[in-house]
file run.pdb (PDB, N, CA and C atoms)
ATOM      1  N   MET H   1      -2.914   8.544 -13.758
ATOM      2  CA  MET H   1      -2.394   7.393 -13.036
ATOM      3  C   MET H   1      -3.557   6.585 -12.462
ATOM      4  N   ASP H   2      -3.501   5.304 -12.651
ATOM      5  CA  ASP H   2      -4.514   4.403 -12.109
ATOM      6  C   ASP H   2      -4.019   3.879 -10.758
ATOM      7  N   TYR H   3      -4.572   4.421  -9.675
ATOM      8  CA  TYR H   3      -4.121   4.045  -8.342
ATOM      9  C   TYR H   3      -4.489   2.609  -7.975
ATOM     10  N   ASN H   4      -5.369   1.991  -8.731
ATOM     11  CA  ASN H   4      -5.707   0.585  -8.499
ATOM     12  C   ASN H   4      -4.537  -0.338  -8.844
ATOM     13  N   LEU H   5      -3.531   0.176  -9.515
ATOM     14  CA  LEU H   5      -2.367  -0.627  -9.863
ATOM     15  C   LEU H   5      -1.331  -0.653  -8.744
ATOM     16  N   ILE H   6      -1.450   0.254  -7.800
ATOM     17  CA  ILE H   6      -0.457   0.362  -6.729
ATOM     18  C   ILE H   6      -0.539  -0.819  -5.761
ATOM     19  N   LYS H   7      -1.729  -1.214  -5.384
ATOM     20  CA  LYS H   7      -1.884  -2.309  -4.415
ATOM     21  C   LYS H   7      -1.293  -3.623  -4.950
ATOM     22  N   PRO H   8      -1.587  -4.015  -6.201
ATOM     23  CA  PRO H   8      -0.933  -5.222  -6.734
ATOM     24  C   PRO H   8       0.594  -5.081  -6.795
ATOM     25  N   PHE H   9       1.060  -3.902  -7.170
ATOM     26  CA  PHE H   9       2.510  -3.666  -7.220
ATOM     27  C   PHE H   9       3.135  -3.879  -5.850
ATOM     28  N   LEU H  10       2.542  -3.304  -4.810
ATOM     29  CA  LEU H  10       3.094  -3.444  -3.465
ATOM     30  C   LEU H  10       3.012  -4.892  -2.972
ATOM     31  N   ALA H  11       1.958  -5.598  -3.344
ATOM     32  CA  ALA H  11       1.836  -7.009  -2.951
ATOM     33  C   ALA H  11       2.919  -7.851  -3.623
ATOM     34  N   VAL H  12       3.177  -7.607  -4.887
ATOM     35  CA  VAL H  12       4.239  -8.338  -5.588
ATOM     36  C   VAL H  12       5.594  -7.974  -4.982
ATOM     37  N   PHE H  13       5.789  -6.710  -4.689
ATOM     38  CA  PHE H  13       7.045  -6.278  -4.087
ATOM     39  C   PHE H  13       7.267  -6.971  -2.743
ATOM     40  N   ARG H  14       6.225  -7.026  -1.917
ATOM     41  CA  ARG H  14       6.317  -7.642  -0.589
ATOM     42  C   ARG H  14       6.580  -9.144  -0.657
ATOM     43  N   THR H  15       5.900  -9.814  -1.575
ATOM     44  CA  THR H  15       5.957 -11.279  -1.624
ATOM     45  C   THR H  15       7.002 -11.817  -2.597
ATOM     46  N   SER H  16       7.486 -10.966  -3.485
ATOM     47  CA  SER H  16       8.416 -11.389  -4.546
ATOM     48  C   SER H  16       7.811 -12.504  -5.396
ATOM     49  N   SER H  17       6.506 -12.451  -5.591
ATOM     50  CA  SER H  17       5.818 -13.495  -6.345
ATOM     51  C   SER H  17       4.470 -12.981  -6.847
ATOM     52  N   TYR H  18       4.219 -13.203  -8.130
ATOM     53  CA  TYR H  18       2.904 -12.845  -8.675
ATOM     54  C   TYR H  18       1.836 -13.758  -8.079
ATOM     55  N   THR H  19       2.158 -15.033  -7.916
ATOM     56  CA  THR H  19       1.202 -16.005  -7.398
ATOM     57  C   THR H  19       0.827 -15.704  -5.948
ATOM     58  N   LYS H  20       1.832 -15.441  -5.109
ATOM     59  CA  LYS H  20       1.550 -15.132  -3.702
ATOM     60  C   LYS H  20       0.801 -13.812  -3.567
ATOM     61  N   ALA H  21       1.140 -12.842  -4.414
ATOM     62  CA  ALA H  21       0.426 -11.560  -4.394
ATOM     63  C   ALA H  21      -1.040 -11.767  -4.767
ATOM     64  N   ALA H  22      -1.280 -12.621  -5.764
ATOM     65  CA  ALA H  22      -2.654 -12.919  -6.184
ATOM     66  C   ALA H  22      -3.434 -13.564  -5.049
ATOM     67  N   GLU H  23      -2.805 -14.488  -4.335
ATOM     68  CA  GLU H  23      -3.473 -15.133  -3.202
ATOM     69  C   GLU H  23      -3.765 -14.115  -2.102
ATOM     70  N   GLU H  24      -2.806 -13.236  -1.841
ATOM     71  CA  GLU H  24      -2.977 -12.214  -0.797
ATOM     72  C   GLU H  24      -4.143 -11.278  -1.112
ATOM     73  N   LEU H  25      -4.284 -10.931  -2.388
ATOM     74  CA  LEU H  25      -5.321  -9.983  -2.795
ATOM     75  C   LEU H  25      -6.600 -10.673  -3.262
ATOM     76  N   ASP H  26      -6.602 -12.003  -3.240
ATOM     77  CA  ASP H  26      -7.758 -12.801  -3.644
ATOM     78  C   ASP H  26      -8.192 -12.491  -5.082
ATOM     79  N   VAL H  27      -7.215 -12.464  -5.977
ATOM     80  CA  VAL H  27      -7.464 -12.307  -7.413
ATOM     81  C   VAL H  27      -6.651 -13.366  -8.147
ATOM     82  N   SER H  28      -6.819 -13.438  -9.452
ATOM     83  CA  SER H  28      -6.070 -14.431 -10.220
ATOM     84  C   SER H  28      -4.647 -13.949 -10.494
ATOM     85  N   GLN H  29      -3.762 -14.903 -10.729
ATOM     86  CA  GLN H  29      -2.378 -14.562 -11.045
ATOM     87  C   GLN H  29      -2.289 -13.770 -12.358
ATOM     88  N   PRO H  30      -3.065 -14.122 -13.403
ATOM     89  CA  PRO H  30      -3.023 -13.299 -14.618
ATOM     90  C   PRO H  30      -3.465 -11.846 -14.382
ATOM     91  N   ALA H  31      -4.385 -11.633 -13.443
ATOM     92  CA  ALA H  31      -4.823 -10.264 -13.132
ATOM     93  C   ALA H  31      -3.666  -9.463 -12.535
ATOM     94  N   ILE H  32      -2.888 -10.094 -11.665
ATOM     95  CA  ILE H  32      -1.717  -9.431 -11.081
ATOM     96  C   ILE H  32      -0.698  -9.133 -12.169
ATOM     97  N   SER H  33      -0.437 -10.110 -12.983
ATOM     98  CA  SER H  33       0.524  -9.953 -14.069
ATOM     99  C   SER H  33       0.126  -8.801 -14.992
ATOM    100  N   GLN H  34      -1.148  -8.735 -15.327
ATOM    101  CA  GLN H  34      -1.656  -7.661 -16.193
ATOM    102  C   GLN H  34      -1.535  -6.302 -15.514
ATOM    103  N   SER H  35      -1.807  -6.242 -14.215
ATOM    104  CA  SER H  35      -1.675  -4.978 -13.479
ATOM    105  C   SER H  35      -0.233  -4.473 -13.501
ATOM    106  N   ILE H  36       0.699  -5.386 -13.293
ATOM    107  CA  ILE H  36       2.116  -4.997 -13.301
ATOM    108  C   ILE H  36       2.531  -4.525 -14.698
ATOM    109  N   LYS H  37       2.069  -5.212 -15.725
ATOM    110  CA  LYS H  37       2.383  -4.792 -17.099
ATOM    111  C   LYS H  37       1.820  -3.400 -17.389
ATOM    112  N   ARG H  38       0.600  -3.154 -16.948
ATOM    113  CA  ARG H  38      -0.009  -1.831 -17.165
ATOM    114  C   ARG H  38       0.754  -0.736 -16.421
ATOM    115  N   LEU H  39       1.169  -1.028 -15.194
ATOM    116  CA  LEU H  39       1.925  -0.044 -14.428
ATOM    117  C   LEU H  39       3.288   0.210 -15.082
ATOM    118  N   GLU H  40       3.920  -0.836 -15.559
ATOM    119  CA  GLU H  40       5.203  -0.671 -16.256
ATOM    120  C   GLU H  40       5.036   0.191 -17.508
ATOM    121  N   GLN H  41       3.942   0.008 -18.220
ATOM    122  CA  GLN H  41       3.675   0.823 -19.406
ATOM    123  C   GLN H  41       3.439   2.281 -19.030
ATOM    124  N   LEU H  42       2.679   2.510 -17.962
ATOM    125  CA  LEU H  42       2.420   3.883 -17.518
ATOM    126  C   LEU H  42       3.700   4.592 -17.078
ATOM    127  N   LEU H  43       4.555   3.861 -16.383
ATOM    128  CA  LEU H  43       5.787   4.444 -15.860
ATOM    129  C   LEU H  43       6.924   4.408 -16.872
ATOM    130  N   ASP H  44       6.750   3.599 -17.920
ATOM    131  CA  ASP H  44       7.770   3.406 -18.957
ATOM    132  C   ASP H  44       9.080   2.894 -18.349
ATOM    133  N   LYS H  45       8.935   1.997 -17.374
ATOM    134  CA  LYS H  45      10.098   1.403 -16.702
ATOM    135  C   LYS H  45       9.753  -0.022 -16.291
ATOM    136  N   PRO H  46      10.732  -0.928 -16.378
ATOM    137  CA  PRO H  46      10.490  -2.279 -15.853
ATOM    138  C   PRO H  46      10.489  -2.244 -14.332
ATOM    139  N   LEU H  47       9.652  -3.070 -13.720
ATOM    140  CA  LEU H  47       9.545  -3.093 -12.264
ATOM    141  C   LEU H  47      10.133  -4.355 -11.648
ATOM    142  N   PHE H  48      10.011  -5.475 -12.342
ATOM    143  CA  PHE H  48      10.524  -6.738 -11.818
ATOM    144  C   PHE H  48      11.270  -7.481 -12.919
ATOM    145  N   ILE H  49      12.293  -8.216 -12.502
ATOM    146  CA  ILE H  49      13.115  -8.990 -13.432
ATOM    147  C   ILE H  49      13.092 -10.438 -12.968
ATOM    148  N   LYS H  50      12.942 -11.353 -13.931
ATOM    149  CA  LYS H  50      12.985 -12.774 -13.575
ATOM    150  C   LYS H  50      14.412 -13.133 -13.166
ATOM    151  N   GLN H  51      14.496 -13.890 -12.076
ATOM    152  CA  GLN H  51      15.797 -14.363 -11.605
ATOM    153  C   GLN H  51      15.607 -15.788 -11.128
ATOM    154  N   GLY H  52      16.160 -16.712 -11.854
ATOM    155  CA  GLY H  52      15.936 -18.122 -11.535
ATOM    156  C   GLY H  52      14.466 -18.443 -11.710
ATOM    157  N   ARG H  53      13.856 -18.987 -10.661
ATOM    158  CA  ARG H  53      12.430 -19.314 -10.707
ATOM    159  C   ARG H  53      11.568 -18.205 -10.131
ATOM    160  N   GLY H  54      12.196 -17.150  -9.622
ATOM    161  CA  GLY H  54      11.434 -16.079  -9.000
ATOM    162  C   GLY H  54      11.623 -14.753  -9.710
ATOM    163  N   ILE H  55      11.265 -13.690  -9.028
ATOM    164  CA  ILE H  55      11.425 -12.341  -9.551
ATOM    165  C   ILE H  55      12.089 -11.473  -8.493
ATOM    166  N   VAL H  56      12.761 -10.441  -8.962
ATOM    167  CA  VAL H  56      13.361  -9.453  -8.059
ATOM    168  C   VAL H  56      12.976  -8.074  -8.565
ATOM    169  N   PRO H  57      12.795  -7.122  -7.662
ATOM    170  CA  PRO H  57      12.445  -5.772  -8.093
ATOM    171  C   PRO H  57      13.650  -5.063  -8.697
ATOM    172  N   THR H  58      13.385  -4.212  -9.654
ATOM    173  CA  THR H  58      14.437  -3.348 -10.171
ATOM    174  C   THR H  58      14.740  -2.290  -9.112
ATOM    175  N   SER H  59      15.827  -1.567  -9.281
ATOM    176  CA  SER H  59      16.140  -0.513  -8.306
ATOM    177  C   SER H  59      15.051   0.553  -8.321
ATOM    178  N   TYR H  60      14.484   0.822  -9.496
ATOM    179  CA  TYR H  60      13.388   1.797  -9.582
ATOM    180  C   TYR H  60      12.179   1.310  -8.784
ATOM    181  N   ALA H  61      11.850   0.014  -8.927
ATOM    182  CA  ALA H  61      10.708  -0.550  -8.195
ATOM    183  C   ALA H  61      10.936  -0.474  -6.688
ATOM    184  N   SER H  62      12.150  -0.743  -6.254
ATOM    185  CA  SER H  62      12.457  -0.667  -4.823
ATOM    186  C   SER H  62      12.274   0.747  -4.291
ATOM    187  N   GLN H  63      12.780   1.724  -5.027
ATOM    188  CA  GLN H  63      12.627   3.120  -4.609
ATOM    189  C   GLN H  63      11.158   3.521  -4.572
ATOM    190  N   LEU H  64      10.418   3.142  -5.600
ATOM    191  CA  LEU H  64       9.002   3.466  -5.680
ATOM    192  C   LEU H  64       8.230   2.815  -4.530
ATOM    193  N   ALA H  65       8.482   1.546  -4.281
ATOM    194  CA  ALA H  65       7.770   0.830  -3.221
ATOM    195  C   ALA H  65       8.027   1.465  -1.859
ATOM    196  N   HIS H  66       9.262   1.804  -1.597
ATOM    197  CA  HIS H  66       9.576   2.392  -0.285
ATOM    198  C   HIS H  66       8.919   3.758  -0.093
ATOM    199  N   ARG H  67       8.640   4.451  -1.181
ATOM    200  CA  ARG H  67       7.945   5.740  -1.077
ATOM    201  C   ARG H  67       6.436   5.549  -0.937
ATOM    202  N   LEU H  68       5.920   4.403  -1.372
ATOM    203  CA  LEU H  68       4.466   4.177  -1.373
ATOM    204  C   LEU H  68       3.959   3.355  -0.194
ATOM    205  N   ILE H  69       4.791   2.565   0.418
ATOM    206  CA  ILE H  69       4.340   1.636   1.460
ATOM    207  C   ILE H  69       3.636   2.360   2.605
ATOM    208  N   GLU H  70       4.265   3.348   3.187
ATOM    209  CA  GLU H  70       3.679   4.020   4.351
ATOM    210  C   GLU H  70       2.359   4.725   4.030
ATOM    211  N   PRO H  71       2.293   5.510   2.943
ATOM    212  CA  PRO H  71       0.998   6.154   2.658
ATOM    213  C   PRO H  71      -0.134   5.152   2.398
ATOM    214  N   PHE H  72       0.162   4.076   1.673
ATOM    215  CA  PHE H  72      -0.898   3.115   1.388
ATOM    216  C   PHE H  72      -1.277   2.298   2.619
ATOM    217  N   ASP H  73      -0.317   2.024   3.503
ATOM    218  CA  ASP H  73      -0.658   1.363   4.762
ATOM    219  C   ASP H  73      -1.551   2.262   5.606
ATOM    220  N   SER H  74      -1.278   3.559   5.604
ATOM    221  CA  SER H  74      -2.109   4.514   6.351
ATOM    222  C   SER H  74      -3.532   4.546   5.798
ATOM    223  N   ILE H  75      -3.654   4.519   4.493
ATOM    224  CA  ILE H  75      -4.979   4.517   3.861
ATOM    225  C   ILE H  75      -5.727   3.247   4.229
ATOM    226  N   ASP H  76      -5.058   2.102   4.129
ATOM    227  CA  ASP H  76      -5.698   0.829   4.493
ATOM    228  C   ASP H  76      -6.155   0.828   5.943
ATOM    229  N   MET H  77      -5.330   1.367   6.835
ATOM    230  CA  MET H  77      -5.690   1.406   8.253
ATOM    231  C   MET H  77      -6.876   2.340   8.479
ATOM    232  N   ALA H  78      -6.891   3.468   7.801
ATOM    233  CA  ALA H  78      -8.002   4.413   7.954
ATOM    234  C   ALA H  78      -9.317   3.795   7.481
ATOM    235  N   ILE H  79      -9.248   3.015   6.429
ATOM    236  CA  ILE H  79     -10.452   2.381   5.890
ATOM    237  C   ILE H  79     -10.889   1.214   6.768
ATOM    238  N   SER H  80      -9.937   0.447   7.272
ATOM    239  CA  SER H  80     -10.302  -0.725   8.065
ATOM    240  C   SER H  80     -10.711  -0.363   9.493
ATOM    241  N   GLN H  81     -10.333   0.826   9.974
ATOM    242  CA  GLN H  81     -10.695   1.260  11.315
ATOM    243  C   GLN H  81     -11.287   2.671  11.273
ATOM    244  N   PRO H  82     -12.425   2.845  10.585
ATOM    245  CA  PRO H  82     -12.965   4.201  10.416
ATOM    246  C   PRO H  82     -13.467   4.837  11.703
ATOM    247  N   ASP H  83     -13.734   4.026  12.729
ATOM    248  CA  ASP H  83     -14.276   4.595  13.959
ATOM    249  C   ASP H  83     -13.196   4.998  14.957
ATOM    250  N   LYS H  84     -11.958   4.838  14.599
ATOM    251  CA  LYS H  84     -10.857   5.219  15.485
ATOM    252  C   LYS H  84     -10.406   6.632  15.135
ATOM    253  N   LEU H  85     -10.189   7.423  16.140
ATOM    254  CA  LEU H  85      -9.727   8.791  15.958
ATOM    255  C   LEU H  85      -8.532   9.021  16.860
ATOM    256  N   LYS H  86      -7.449   9.448  16.271
ATOM    257  CA  LYS H  86      -6.262   9.777  17.045
ATOM    258  C   LYS H  86      -6.111  11.284  17.006
ATOM    259  N   MET H  87      -6.039  11.863  18.168
ATOM    260  CA  MET H  87      -5.987  13.315  18.240
ATOM    261  C   MET H  87      -4.828  13.728  19.138
ATOM    262  N   TYR H  88      -4.135  14.725  18.699
ATOM    263  CA  TYR H  88      -3.029  15.258  19.478
ATOM    264  C   TYR H  88      -3.399  16.663  19.937
ATOM    265  N   SER H  89      -3.153  16.938  21.214
ATOM    266  CA  SER H  89      -3.462  18.269  21.734
ATOM    267  C   SER H  89      -2.588  18.538  22.952
ATOM    268  N   GLN H  90      -2.675  19.748  23.406
ATOM    269  CA  GLN H  90      -1.990  20.069  24.645
ATOM    270  C   GLN H  90      -2.704  19.359  25.785
ATOM    271  N   GLU H  91      -1.975  19.080  26.846
ATOM    272  CA  GLU H  91      -2.496  18.271  27.936
ATOM    273  C   GLU H  91      -3.773  18.843  28.561
ATOM    274  N   HIS H  92      -3.851  20.155  28.737
ATOM    275  CA  HIS H  92      -5.023  20.718  29.404
ATOM    276  C   HIS H  92      -6.299  20.549  28.569
ATOM    277  N   TYR H  93      -6.187  20.414  27.256
ATOM    278  CA  TYR H  93      -7.369  20.149  26.430
ATOM    279  C   TYR H  93      -7.824  18.699  26.558
ATOM    280  N   SER H  94      -6.894  17.804  26.765
ATOM    281  CA  SER H  94      -7.264  16.388  26.814
ATOM    282  C   SER H  94      -8.186  16.081  27.993
ATOM    283  N   TYR H  95      -8.070  16.819  29.080
ATOM    284  CA  TYR H  95      -8.969  16.592  30.216
ATOM    285  C   TYR H  95     -10.411  16.945  29.866
ATOM    286  N   SER H  96     -10.613  18.021  29.169
ATOM    287  CA  SER H  96     -11.983  18.393  28.799
ATOM    288  C   SER H  96     -12.539  17.480  27.717
ATOM    289  N   LEU H  97     -11.678  16.952  26.856
ATOM    290  CA  LEU H  97     -12.126  16.032  25.806
ATOM    291  C   LEU H  97     -12.463  14.654  26.345
ATOM    292  N   SER H  98     -11.870  14.284  27.458
ATOM    293  CA  SER H  98     -12.112  12.939  27.998
ATOM    294  C   SER H  98     -13.544  12.778  28.503
ATOM    295  N   ASN H  99     -14.263  13.864  28.710
ATOM    296  CA  ASN H  99     -15.655  13.786  29.195
ATOM    297  C   ASN H  99     -16.678  13.692  28.070
ATOM    298  N   ILE H 100     -16.226  13.699  26.846
ATOM    299  CA  ILE H 100     -17.148  13.585  25.706
ATOM    300  C   ILE H 100     -17.616  12.155  25.606
ATOM    301  N   PRO H 101     -18.926  11.914  25.577
ATOM    302  CA  PRO H 101     -19.426  10.529  25.515
ATOM    303  C   PRO H 101     -19.182   9.932  24.127
ATOM    304  N   ASP H 102     -19.107   8.606  24.064
ATOM    305  CA  ASP H 102     -18.970   7.905  22.786
ATOM    306  C   ASP H 102     -20.235   8.124  21.972
ATOM    307  N   LEU H 103     -20.088   8.142  20.677
ATOM    308  CA  LEU H 103     -21.232   8.369  19.795
ATOM    309  C   LEU H 103     -21.850   7.066  19.315
ATOM    310  N   GLU H 104     -21.482   5.968  19.921
ATOM    311  CA  GLU H 104     -21.997   4.667  19.463
ATOM    312  C   GLU H 104     -23.424   4.467  19.825
TER     313      GLU H 104
END
call {"tool": "encode", "arguments": {"input": "run.pdb", "output": "structure tokens"}}
result
Amino acid sequence: MDYNLIKPFLAVFRTSSYTKAAEELDVSQPAISQSIKRLEQLLDKPLFIKQGRGIVPTSYASQLAHRLIEPFDSIDMAISQPDKLKMYSQEHYSYSLSNIPDLE
């Protein structure tokens, strides 16, 4: 599986447009179109159907997108904020951790 195809797929799903997805990802519209075609070939399923002047996701695409949105958003957040650390612990540990100096 080529995970580089997931981001264009999610952008098209979110925007319901190859053109808007291309603008969002700062790539050409043909590049988005090609990515979607490659993903459809890998999955052996259609992902979007033309409807009027726009596109709509197939039921398979909707199910797939809803399973992928949260993990990929988490990855994007981890990459865009690498210096943030969220830690969960019992309350008595948090007092001793609060005295640790920043590493900046």
call {"tool": "atom_distance", "arguments": {"input": "run.pdb", "atom1": "CA of Arg67 (chain H)", "atom2": "atom N of Ser28 (chain H)"}}
result
25.6 Å
call {"tool": "resolve_selection", "arguments": {"input": "run.pdb", "expression": "the PyMOL selection byres (((chain H and resi 72 and name CA) around 12) and name CA)", "output": "short mmCIF file (atom, residue, chain, number, x, y, z; two decimals) with N, CA and C atoms, keeping the file's coordinate frame"}}
result
data_model
loop_
_atom_site.label_atom_id
_atom_site.label_comp_id
_atom_site.auth_asym_id
_atom_site.auth_seq_id
_atom_site.Cartn_x
_atom_site.Cartn_y
_atom_site.Cartn_z
N TYR H 3 -4.57 4.42 -9.68
CA TYR H 3 -4.12 4.04 -8.34
C TYR H 3 -4.49 2.61 -7.98
N ASN H 4 -5.37 1.99 -8.73
CA ASN H 4 -5.71 0.58 -8.50
C ASN H 4 -4.54 -0.34 -8.84
N LEU H 5 -3.53 0.18 -9.52
CA LEU H 5 -2.37 -0.63 -9.86
C LEU H 5 -1.33 -0.65 -8.74
N ILE H 6 -1.45 0.25 -7.80
CA ILE H 6 -0.46 0.36 -6.73
C ILE H 6 -0.54 -0.82 -5.76
N LYS H 7 -1.73 -1.21 -5.38
CA LYS H 7 -1.88 -2.31 -4.42
C LYS H 7 -1.29 -3.62 -4.95
N PRO H 8 -1.59 -4.01 -6.20
CA PRO H 8 -0.93 -5.22 -6.73
C PRO H 8 0.59 -5.08 -6.80
N PHE H 9 1.06 -3.90 -7.17
CA PHE H 9 2.51 -3.67 -7.22
C PHE H 9 3.14 -3.88 -5.85
N LEU H 10 2.54 -3.30 -4.81
CA LEU H 10 3.09 -3.44 -3.46
C LEU H 10 3.01 -4.89 -2.97
N ALA H 11 1.96 -5.60 -3.34
CA ALA H 11 1.84 -7.01 -2.95
C ALA H 11 2.92 -7.85 -3.62
N ALA H 65 8.48 1.55 -4.28
CA ALA H 65 7.77 0.83 -3.22
C ALA H 65 8.03 1.46 -1.86
N HIS H 66 9.26 1.80 -1.60
CA HIS H 66 9.58 2.39 -0.28
C HIS H 66 8.92 3.76 -0.09
N ARG H 67 8.64 4.45 -1.18
CA ARG H 67 7.94 5.74 -1.08
C ARG H 67 6.44 5.55 -0.94
N LEU H 68 5.92 4.40 -1.37
CA LEU H 68 4.47 4.18 -1.37
C LEU H 68 3.96 3.36 -0.19
N ILE H 69 4.79 2.56 0.42
CA ILE H 69 4.34 1.64 1.46
C ILE H 69 3.64 2.36 2.60
N GLU H 70 4.26 3.35 3.19
CA GLU H 70 3.68 4.02 4.35
C GLU H 70 2.36 4.72 4.03
N PRO H 71 2.29 5.51 2.94
CA PRO H 71 1.00 6.15 2.66
C PRO H 71 -0.13 5.15 2.40
N ASP H 73 -0.32 2.02 3.50
CA ASP H 73 -0.66 1.36 4.76
C ASP H 73 -1.55 2.26 5.61
N SER H 74 -1.28 3.56 5.60
CA SER H 74 -2.11 4.51 6.35
C SER H 74 -3.53 4.55 5.80
N ILE H 75 -3.65 4.52 4.49
CA ILE H 75 -4.98 4.52 3.86
C ILE H 75 -5.73 3.25 4.23
N ASP H 76 -5.06 2.10 4.13
CA ASP H 76 -5.70 0.83 4.49
C ASP H 76 -6.16 0.83 5.94
N MET H 77 -5.33 1.37 6.84
CA MET H 77 -5.69 1.41 8.25
C MET H 77 -6.88 2.34 8.48
N ALA H 78 -6.89 3.47 7.80
CA ALA H 78 -8.00 4.41 7.95
C ALA H 78 -9.32 3.80 7.48
N ILE H 79 -9.25 3.02 6.43
CA ILE H 79 -10.45 2.38 5.89
C ILE H 79 -10.89 1.21 6.77
#
call {"tool": "atom_distance", "arguments": {"input": "run.pdb", "atom1": "CA of Ser80 (chain H)", "atom2": "CA of Gln29 (chain H)"}}
result
24.9 Å
call {"tool": "residues_around", "arguments": {"input": "run.pdb", "residues": "region 13-26 of chain H", "least_positions_apart": "6", "cutoff": "8 Å", "atoms": "only C-alpha atoms", "output": "list in words"}}
result
Ile32, Ser33, Gly54, Ile55, Val56, Pro57, Ala61, Ser62 and Ala65 of chain H
call {"tool": "axis_aligned_box", "arguments": {"input": "run.pdb", "around": "region 21-33 of chain H", "padding_each_side": "6 Å", "output": "AutoDock Vina command-line options"}}
result
--center_x -3.5 --center_y -12.0 --center_z -7.9 --size_x 21.3 --size_y 18.3 --size_z 26.2
call {"tool": "residues_around", "arguments": {"input": "run.pdb", "residues": "Leu42 (chain H)", "least_positions_apart": "4", "cutoff": "8 Å", "atoms": "only N, CA and C atoms", "output": "list in words"}}
result
Met1, Asp2, Ile36, Lys37 and Arg38 of chain H
call {"tool": "atom_distance", "arguments": {"input": "run.pdb", "atom1": "atom N of Lys50 (chain H)", "atom2": "atom C of Leu64 (chain H)"}}
result
17.6 Å
call {"tool": "select_by_dssp", "arguments": {"input": "run.pdb", "residues": "region 21-92 of chain H", "states": "strand (DSSP E)", "output": "PDB file with N, CA and C atoms, in the coordinates of the input"}}
result
ATOM      1  N   PHE H  48      10.011  -5.475 -12.342  1.00  0.00           N
ATOM      2  CA  PHE H  48      10.524  -6.738 -11.818  1.00  0.00           C
ATOM      3  C   PHE H  48      11.270  -7.481 -12.919  1.00  0.00           C
ATOM      4  N   ILE H  49      12.293  -8.216 -12.502  1.00  0.00           N
ATOM      5  CA  ILE H  49      13.115  -8.990 -13.432  1.00  0.00           C
ATOM      6  C   ILE H  49      13.092 -10.438 -12.968  1.00  0.00           C
ATOM      7  N   LYS H  50      12.942 -11.353 -13.931  1.00  0.00           N
ATOM      8  CA  LYS H  50      12.985 -12.774 -13.575  1.00  0.00           C
ATOM      9  C   LYS H  50      14.412 -13.133 -13.166  1.00  0.00           C
ATOM     10  N   GLN H  51      14.496 -13.890 -12.076  1.00  0.00           N
ATOM     11  CA  GLN H  51      15.797 -14.363 -11.605  1.00  0.00           C
ATOM     12  C   GLN H  51      15.607 -15.788 -11.128  1.00  0.00           C
ATOM     13  N   GLY H  54      12.196 -17.150  -9.622  1.00  0.00           N
ATOM     14  CA  GLY H  54      11.434 -16.079  -9.000  1.00  0.00           C
ATOM     15  C   GLY H  54      11.623 -14.753  -9.710  1.00  0.00           C
ATOM     16  N   ILE H  55      11.265 -13.690  -9.028  1.00  0.00           N
ATOM     17  CA  ILE H  55      11.425 -12.341  -9.551  1.00  0.00           C
ATOM     18  C   ILE H  55      12.089 -11.473  -8.493  1.00  0.00           C
ATOM     19  N   VAL H  56      12.761 -10.441  -8.962  1.00  0.00           N
ATOM     20  CA  VAL H  56      13.361  -9.453  -8.059  1.00  0.00           C
ATOM     21  C   VAL H  56      12.976  -8.074  -8.565  1.00  0.00           C
ATOM     22  N   PRO H  57      12.795  -7.122  -7.662  1.00  0.00           N
ATOM     23  CA  PRO H  57      12.445  -5.772  -8.093  1.00  0.00           C
ATOM     24  C   PRO H  57      13.650  -5.063  -8.697  1.00  0.00           C
TER      25      PRO H  57
END
call {"tool": "select_by_dssp", "arguments": {"input": "run.pdb", "residues": "region 28-67 of chain H", "states": "alpha helix (DSSP H)", "output": "PyMOL selection string"}}
result
chain H and resi 29-43+59-67
call {"tool": "build_atoms", "arguments": {"input": "run.pdb", "residues": "region 62-69 of chain H", "atoms": "N, CA, C and O atoms", "output": "PDB file, in the frame of the given file"}}
result
ATOM      1  N   SER H  62      12.150  -0.743  -6.254  1.00  0.00           N
ATOM      2  CA  SER H  62      12.457  -0.667  -4.823  1.00  0.00           C
ATOM      3  C   SER H  62      12.274   0.747  -4.291  1.00  0.00           C
ATOM      4  O   SER H  62      11.669   0.953  -3.235  1.00  0.00           O
ATOM      5  N   GLN H  63      12.780   1.724  -5.027  1.00  0.00           N
ATOM      6  CA  GLN H  63      12.627   3.120  -4.609  1.00  0.00           C
ATOM      7  C   GLN H  63      11.158   3.521  -4.572  1.00  0.00           C
ATOM      8  O   GLN H  63      10.699   4.163  -3.621  1.00  0.00           O
ATOM      9  N   LEU H  64      10.418   3.142  -5.600  1.00  0.00           N
ATOM     10  CA  LEU H  64       9.002   3.466  -5.680  1.00  0.00           C
ATOM     11  C   LEU H  64       8.230   2.815  -4.530  1.00  0.00           C
ATOM     12  O   LEU H  64       7.423   3.480  -3.862  1.00  0.00           O
ATOM     13  N   ALA H  65       8.482   1.546  -4.281  1.00  0.00           N
ATOM     14  CA  ALA H  65       7.770   0.830  -3.221  1.00  0.00           C
ATOM     15  C   ALA H  65       8.027   1.465  -1.859  1.00  0.00           C
ATOM     16  O   ALA H  65       7.094   1.652  -1.082  1.00  0.00           O
ATOM     17  N   HIS H  66       9.262   1.804  -1.597  1.00  0.00           N
ATOM     18  CA  HIS H  66       9.576   2.392  -0.285  1.00  0.00           C
ATOM     19  C   HIS H  66       8.919   3.758  -0.093  1.00  0.00           C
ATOM     20  O   HIS H  66       8.623   4.147   1.037  1.00  0.00           O
ATOM     21  N   ARG H  67       8.640   4.451  -1.181  1.00  0.00           N
ATOM     22  CA  ARG H  67       7.945   5.740  -1.077  1.00  0.00           C
ATOM     23  C   ARG H  67       6.436   5.549  -0.937  1.00  0.00           C
ATOM     24  O   ARG H  67       5.742   6.432  -0.431  1.00  0.00           O
ATOM     25  N   LEU H  68       5.920   4.403  -1.372  1.00  0.00           N
ATOM     26  CA  LEU H  68       4.466   4.177  -1.373  1.00  0.00           C
ATOM     27  C   LEU H  68       3.959   3.355  -0.194  1.00  0.00           C
ATOM     28  O   LEU H  68       2.775   3.440   0.149  1.00  0.00           O
ATOM     29  N   ILE H  69       4.791   2.565   0.418  1.00  0.00           N
ATOM     30  CA  ILE H  69       4.340   1.636   1.460  1.00  0.00           C
ATOM     31  C   ILE H  69       3.636   2.360   2.605  1.00  0.00           C
ATOM     32  O   ILE H  69       2.507   2.016   2.965  1.00  0.00           O
TER      33      ILE H  69
END
